[in-house]
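**Q** I'd like to ask some things about the structure below.
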Amino acid sequence: MRAVFDRLEQFAVDVILERRYGKRAALLRALLFLLSHVYAWVVRLRLWLYQERLAKSRPVGCLVISIGNLTVGGTGKTPVVEKFARALKARGRTVAVLSRGYKSRAAPLPERIWQRVGVALGDLPPPPRVVSDGERVLLDATRAGDEPVMLASNLRGVRVLVDKDRVKSALYAMDRWGVDTLLLDDGFQYLPLKQRVDVVLIDRQAPFGNEFLLPRGTLREPPDHLRRADVIFITKCHGRDNANLKDRIRQHNRHAEIIECRHEPLYCQNVYTEERLPLEFLNERRVAAISGIAQPDSFESFLRTLGAEIVYSRQYADHHRYSKSEILSMLAKSRRLRARAIVTTEKDAVRLPPLDAEQLPVPILFLRVEVRAMGGEAAFERIVDRICAGAEGRRSAPAAARAPQIAP
């Protein structure tokens, strides 16, 4: 069943991005185009309700930084969240990352029904899922989602929580650990939390997707909603000129600081032994590439830039959960093609099934990537200092006044 859903998802993506042709694809695109107008109306109405205070949003009494985008996937958001978390922690902030845990597996249906019955009868609501308490990774990608687990694995001393209700997660983190800084992973569209700094990422390779709103395109919101951003990161620049893109951004937002950055590969790491290898390991080496991300071509281009010869690649739908049989099949084919390694992304690595490293015919590696500001880190450091300075003197409301209790 999972394979069927993956194929349907990939078919829909191909139709939206006009990689499928024929009458059926054209008819589906026409239908999606009509639905995108309905979606646009709903998005604008929702924003208006929050702006006019007809829908409830609330402060939680601490610094809140939202990191998100206008498009669906592929902007390199997770490394930016990690970069902010490290910088804020280095300045003495107590940080928690709040995620909705996209494509994580919820509790069994009977358990969820029982929880709702209990809340209706007066019980406390269940707590958010704690992916990391700052010391240990407590959940896997199935229960938490790949991005929260990736962040939890890389951020010691930072708490990572998953819940669709991020107001609840915020209050839980503040009450349990005394958190004074909250990072909303993929939070630009999450409006119930107010008094926050909005950081928006724009992919230089496809700034506004294919220019259509969901479901016809990849835009979550119209481009003019970029006016809400306080800081804008142009990602995946790699030294290219962005003057035209900056001009377009300024048509929608004249006040936000714009930072150009690139995603820089650091090293390769064995998924199962954690051995680190220099990037030179890939140079002139035959490899297989496996990925389940929004922009797999960008990842494979990265590998070729590093000198790798891709003899076989397998691209799955975004956030694909790998089965043991899929990986064993990939290993067998890689060996037949004389690949010296299988290379995947760090986000994919947390979704791979457990395997015995000594039994693998070729090693499975992931490419570790970090975000770096173009022209040096001074611009990024200035942004973080300004955000922290703006938070100085902020006083938290008493816990009892902030929200109802949550079950421990």
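Letters A, B, ... mark the chains of the structure tokens in the order given; residue numbers begin at 1 per chain; ligand numbers begin at 1, in order shown.
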Using only C-alpha atoms, which residues sit within 8 Å of region 342-357 of chain A once same-chain residues fewer than 6 positions away are excluded, as a PDB file with N, CA and C atoms, in the first residue's frame?

**A**
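Saved the output as part.pdb:
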ATOM      1  N   ASP A 140      12.510   7.668  17.067  1.00  0.00           N
ATOM      2  CA  ASP A 140      13.077   7.482  15.730  1.00  0.00           C
ATOM      3  C   ASP A 140      12.267   8.258  14.709  1.00  0.00           C
ATOM      4  N   ALA A 141      12.678   8.165  13.441  1.00  0.00           N
ATOM      5  CA  ALA A 141      12.033   8.952  12.383  1.00  0.00           C
ATOM      6  C   ALA A 141      10.594   8.525  12.144  1.00  0.00           C
ATOM      7  N   THR A 142      10.272   7.272  12.445  1.00  0.00           N
ATOM      8  CA  THR A 142       8.892   6.810  12.246  1.00  0.00           C
ATOM      9  C   THR A 142       7.938   7.552  13.171  1.00  0.00           C
ATOM     10  N   ASP A 146      11.603  12.687   9.948  1.00  0.00           N
ATOM     11  CA  ASP A 146      13.044  12.669   9.690  1.00  0.00           C
ATOM     12  C   ASP A 146      13.743  13.957  10.114  1.00  0.00           C
ATOM     13  N   GLU A 147      13.144  15.116   9.847  1.00  0.00           N
ATOM     14  CA  GLU A 147      13.816  16.372  10.161  1.00  0.00           C
ATOM     15  C   GLU A 147      14.008  16.574  11.661  1.00  0.00           C
ATOM     16  N   VAL A 149      14.372  14.267  13.957  1.00  0.00           N
ATOM     17  CA  VAL A 149      15.408  13.333  14.403  1.00  0.00           C
ATOM     18  C   VAL A 149      16.783  13.802  13.953  1.00  0.00           C
ATOM     19  N   MET A 150      16.865  14.315  12.746  1.00  0.00           N
ATOM     20  CA  MET A 150      18.142  14.846  12.247  1.00  0.00           C
ATOM     21  C   MET A 150      18.607  16.008  13.127  1.00  0.00           C
ATOM     22  N   VAL A 271      26.625   5.598   7.519  1.00  0.00           N
ATOM     23  CA  VAL A 271      25.353   5.601   8.239  1.00  0.00           C
ATOM     24  C   VAL A 271      25.387   4.662   9.435  1.00  0.00           C
ATOM     25  N   TYR A 272      26.075   3.516   9.307  1.00  0.00           N
ATOM     26  CA  TYR A 272      25.989   2.471  10.324  1.00  0.00           C
ATOM     27  C   TYR A 272      27.198   2.418  11.255  1.00  0.00           C
ATOM     28  N   THR A 273      28.375   2.858  10.813  1.00  0.00           N
ATOM     29  CA  THR A 273      29.552   2.831  11.688  1.00  0.00           C
ATOM     30  C   THR A 273      29.925   4.218  12.203  1.00  0.00           C
ATOM     31  N   VAL A 287      29.760   5.579  -7.622  1.00  0.00           N
ATOM     32  CA  VAL A 287      28.828   5.513  -6.495  1.00  0.00           C
ATOM     33  C   VAL A 287      27.412   5.336  -7.016  1.00  0.00           C
ATOM     34  N   ALA A 288      26.551   4.856  -6.126  1.00  0.00           N
ATOM     35  CA  ALA A 288      25.109   4.856  -6.363  1.00  0.00           C
ATOM     36  C   ALA A 288      24.498   5.927  -5.478  1.00  0.00           C
ATOM     37  N   ALA A 289      23.455   6.593  -5.966  1.00  0.00           N
ATOM     38  CA  ALA A 289      22.809   7.667  -5.208  1.00  0.00           C
ATOM     39  C   ALA A 289      21.368   7.265  -4.906  1.00  0.00           C
ATOM     40  N   ILE A 290      20.971   7.447  -3.649  1.00  0.00           N
ATOM     41  CA  ILE A 290      19.598   7.144  -3.253  1.00  0.00           C
ATOM     42  C   ILE A 290      19.065   8.337  -2.476  1.00  0.00           C
ATOM     43  N   SER A 291      17.829   8.757  -2.782  1.00  0.00           N
ATOM     44  CA  SER A 291      17.275   9.928  -2.101  1.00  0.00           C
ATOM     45  C   SER A 291      15.755   9.907  -2.139  1.00  0.00           C
ATOM     46  N   GLY A 292      15.174  10.451  -1.076  1.00  0.00           N
ATOM     47  CA  GLY A 292      13.737  10.669  -0.993  1.00  0.00           C
ATOM     48  C   GLY A 292      13.506  12.069  -0.463  1.00  0.00           C
ATOM     49  N   ILE A 293      13.846  13.053  -1.273  1.00  0.00           N
ATOM     50  CA  ILE A 293      13.758  14.467  -0.887  1.00  0.00           C
ATOM     51  C   ILE A 293      13.031  15.240  -1.980  1.00  0.00           C
ATOM     52  N   PHE A 299      20.719  17.217  -5.188  1.00  0.00           N
ATOM     53  CA  PHE A 299      21.628  16.370  -4.424  1.00  0.00           C
ATOM     54  C   PHE A 299      22.602  15.651  -5.351  1.00  0.00           C
ATOM     55  N   HIS A 319      10.331  12.290   1.815  1.00  0.00           N
ATOM     56  CA  HIS A 319      10.092  11.673   3.128  1.00  0.00           C
ATOM     57  C   HIS A 319       9.780  10.175   3.025  1.00  0.00           C
ATOM     58  N   HIS A 320      10.208   9.532   1.969  1.00  0.00           N
ATOM     59  CA  HIS A 320       9.953   8.098   1.799  1.00  0.00           C
ATOM     60  C   HIS A 320      10.569   7.299   2.949  1.00  0.00           C
ATOM     61  N   ARG A 321       9.806   6.326   3.471  1.00  0.00           N
ATOM     62  CA  ARG A 321      10.330   5.433   4.516  1.00  0.00           C
ATOM     63  C   ARG A 321      10.866   4.177   3.841  1.00  0.00           C
ATOM     64  N   TYR A 322      12.145   3.935   3.986  1.00  0.00           N
ATOM     65  CA  TYR A 322      12.795   2.827   3.294  1.00  0.00           C
ATOM     66  C   TYR A 322      12.541   1.495   4.006  1.00  0.00           C
ATOM     67  N   SER A 323      12.273   0.483   3.210  1.00  0.00           N
ATOM     68  CA  SER A 323      12.145  -0.874   3.749  1.00  0.00           C
ATOM     69  C   SER A 323      13.491  -1.589   3.615  1.00  0.00           C
ATOM     70  N   LYS A 324      13.661  -2.633   4.381  1.00  0.00           N
ATOM     71  CA  LYS A 324      14.901  -3.397   4.326  1.00  0.00           C
ATOM     72  C   LYS A 324      15.095  -4.006   2.939  1.00  0.00           C
ATOM     73  N   ILE A 327      16.546  -1.471   0.418  1.00  0.00           N
ATOM     74  CA  ILE A 327      17.972  -1.203   0.599  1.00  0.00           C
ATOM     75  C   ILE A 327      18.810  -2.406   0.159  1.00  0.00           C
ATOM     76  N   LEU A 331      21.653  -2.399  -2.660  1.00  0.00           N
ATOM     77  CA  LEU A 331      23.006  -2.883  -2.399  1.00  0.00           C
ATOM     78  C   LEU A 331      23.442  -3.896  -3.461  1.00  0.00           C
ATOM     79  N   SER A 334      24.055  -2.134  -6.769  1.00  0.00           N
ATOM     80  CA  SER A 334      25.273  -1.330  -6.687  1.00  0.00           C
ATOM     81  C   SER A 334      26.511  -2.209  -6.822  1.00  0.00           C
ATOM     82  N   PRO A 363      29.661   0.200   1.433  1.00  0.00           N
ATOM     83  CA  PRO A 363      29.232   1.076   2.529  1.00  0.00           C
ATOM     84  C   PRO A 363      28.113   2.021   2.093  1.00  0.00           C
ATOM     85  N   ILE A 364      27.286   2.406   3.037  1.00  0.00           N
ATOM     86  CA  ILE A 364      26.242   3.403   2.793  1.00  0.00           C
ATOM     87  C   ILE A 364      26.630   4.671   3.551  1.00  0.00           C
ATOM     88  N   LEU A 365      26.788   5.760   2.815  1.00  0.00           N
ATOM     89  CA  LEU A 365      27.260   7.020   3.377  1.00  0.00           C
ATOM     90  C   LEU A 365      26.195   8.096   3.218  1.00  0.00           C
ATOM     91  N   PHE A 366      26.222   9.092   4.103  1.00  0.00           N
ATOM     92  CA  PHE A 366      25.430  10.292   3.849  1.00  0.00           C
ATOM     93  C   PHE A 366      26.362  11.487   3.749  1.00  0.00           C
ATOM     94  N   LEU A 367      25.913  12.490   3.003  1.00  0.00           N
ATOM     95  CA  LEU A 367      26.692  13.702   2.787  1.00  0.00           C
ATOM     96  C   LEU A 367      26.274  14.745   3.820  1.00  0.00           C
ATOM     97  N   ARG A 368      27.194  15.130   4.670  1.00  0.00           N
ATOM     98  CA  ARG A 368      26.930  16.142   5.689  1.00  0.00           C
ATOM     99  C   ARG A 368      27.085  17.530   5.077  1.00  0.00           C
TER     100      ARG A 368
END

**Q** I need the helix (DSSP H, G or I) residues of region 120-345 of chain A per DSSP on the backbone, written as number ranges by chain.

**A** A: 120, 141-144, 146-154, 166-177, 223-228, 243-252, 279-282, 296-305, 324-336

**Q** What lies within 7 Å of region 242-253 of chain A using only C-alpha atoms, ignoring chain neighbours under 6 positions off, as a ChimeraX atom specification?

**A** /A:224,226-227

**Q** Pick the closest to Lys168 (chain A) from A:Val200, A:Ala144, A:Ala30, A:Val60: which is it, counting only C-alpha atoms?

**A**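 Going through A:Val200, A:Ala144, A:Ala30, A:Val60 one by one, the smallest distance to Lys168 (chain A) is for A:Val60.
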
**Q** Which of these, A:Val158, A:Leu191, A:Val362, A:Val80, has the shortest distance to Ile234 (chain A) once you count only C-alpha atoms?

**A**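 Closest candidate: A:Val80.
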
**Q** Write out, as a Markdown table, each residue of region 53-171 of chain A that has an atom at most 7 Å from region 215-219 of chain A, together with the closest pair of atoms and their distance in Å to one decimal, counting only C-alpha atoms, rows going by chain and rising number.

**A**
| residue | atom | partner | partner_atom | distance |
| --- | --- | --- | --- | --- |
| A:Leu70 | CA | A:Leu219 | CA | 5.8 |
| A:Thr71 | CA | A:Leu219 | CA | 4.3 |
| A:Val72 | CA | A:Thr218 | CA | 5.4 |

**Q** Would you write out those residues with N, CA and C atoms, as a JSON list (two decimals), in the first residue's frame?

**A**
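And here's selection31.json as it stands now:
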[["chain", "number", "residue", "atom", "x", "y", "z"],
["A", 70, "LEU", "N", 7.89, 29.91, 1.45],
["A", 70, "LEU", "CA", 6.64, 30.08, 0.70],
["A", 70, "LEU", "C", 6.30, 28.85, -0.11],
["A", 71, "THR", "N", 7.29, 28.03, -0.41],
["A", 71, "THR", "CA", 7.08, 26.89, -1.30],
["A", 71, "THR", "C", 7.10, 25.58, -0.52],
["A", 72, "VAL", "N", 6.72, 24.52, -1.18],
["A", 72, "VAL", "CA", 6.71, 23.20, -0.57],
["A", 72, "VAL", "C", 8.09, 22.57, -0.74]]

**Q** Can you tell me which residues surround Val197 (chain A) at a distance of at most 9 Å, considering only C-alpha atoms, apart from same-chain residues fewer than 6 positions away, and format the answer as a list in words?

**A**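 Surrounding residues, per the criterion: Leu63, Val64, Ile65, Ser66, Ile67, Ala229, Asp230, Val231 and Ile387 of chain A.
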
**Q** Taking the DSSP assignment computed from this structure's backbone, write out as a ChimeraX atom specification all residues of region 189-296 of chain A that belong to strand (DSSP E).

**A** /A:197-203,231-235,257-270,276-277,286-291

**Q** From the options A:Arg7, A:Arg276, A:Arg136, A:Arg44, which residue's atoms come nearest to Pro222 (chain A), counting only C-alpha atoms?

**A**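 Going through A:Arg7, A:Arg276, A:Arg136, A:Arg44 one by one, the smallest distance to Pro222 (chain A) is for A:Arg44.
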
**Q** Using only C-alpha atoms, which residues sit within 12 Å of Leu32 (chain A) once same-chain residues fewer than 6 positions away are excluded, as JSON, numbers by chain?

**A** {"A": [12, 13, 15, 16, 17, 25, 26, 38, 39, 212, 213, 214, 215, 216, 217, 218]}

**Q** Taking 4 positions as the minimum chain separation for residues in the same chain, which residues sit within 9 Å of Val179 (chain A) when counting only C-alpha atoms? Answer as a short mmCIF file (atom, residue, chain, number, x, y, z; two decimals) with N, CA and C atoms, in the first residue's frame.

**A**
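The result, stored in out-v6.cif:
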data_model
loop_
_atom_site.label_atom_id
_atom_site.label_comp_id
_atom_site.auth_asym_id
_atom_site.auth_seq_id
_atom_site.Cartn_x
_atom_site.Cartn_y
_atom_site.Cartn_z
N CYS A 62 8.18 34.42 25.50
CA CYS A 62 9.61 34.23 25.26
C CYS A 62 9.91 34.52 23.80
N ARG A 93 21.37 31.25 25.29
CA ARG A 93 19.92 31.03 25.28
C ARG A 93 19.61 29.55 25.54
N THR A 94 18.48 29.31 26.17
CA THR A 94 17.98 27.94 26.36
C THR A 94 16.97 27.68 25.25
N VAL A 95 17.33 26.80 24.32
CA VAL A 95 16.62 26.70 23.04
C VAL A 95 15.84 25.40 22.93
N ALA A 96 14.66 25.50 22.33
CA ALA A 96 13.89 24.31 21.94
C ALA A 96 13.43 24.49 20.50
N ARG A 159 16.50 21.12 23.04
CA ARG A 159 15.35 20.22 23.08
C ARG A 159 14.61 20.27 21.75
N ALA A 170 5.26 24.76 22.97
CA ALA A 170 6.00 25.90 23.52
C ALA A 170 5.83 25.97 25.03
N ALA A 173 7.69 23.11 26.84
CA ALA A 173 9.14 23.31 26.88
C ALA A 173 9.52 24.39 27.90
N MET A 174 8.73 25.45 27.96
CA MET A 174 9.01 26.52 28.91
C MET A 174 8.83 26.06 30.35
N ASP A 175 7.77 25.33 30.60
CA ASP A 175 7.48 24.89 31.97
C ASP A 175 8.43 23.79 32.43
#
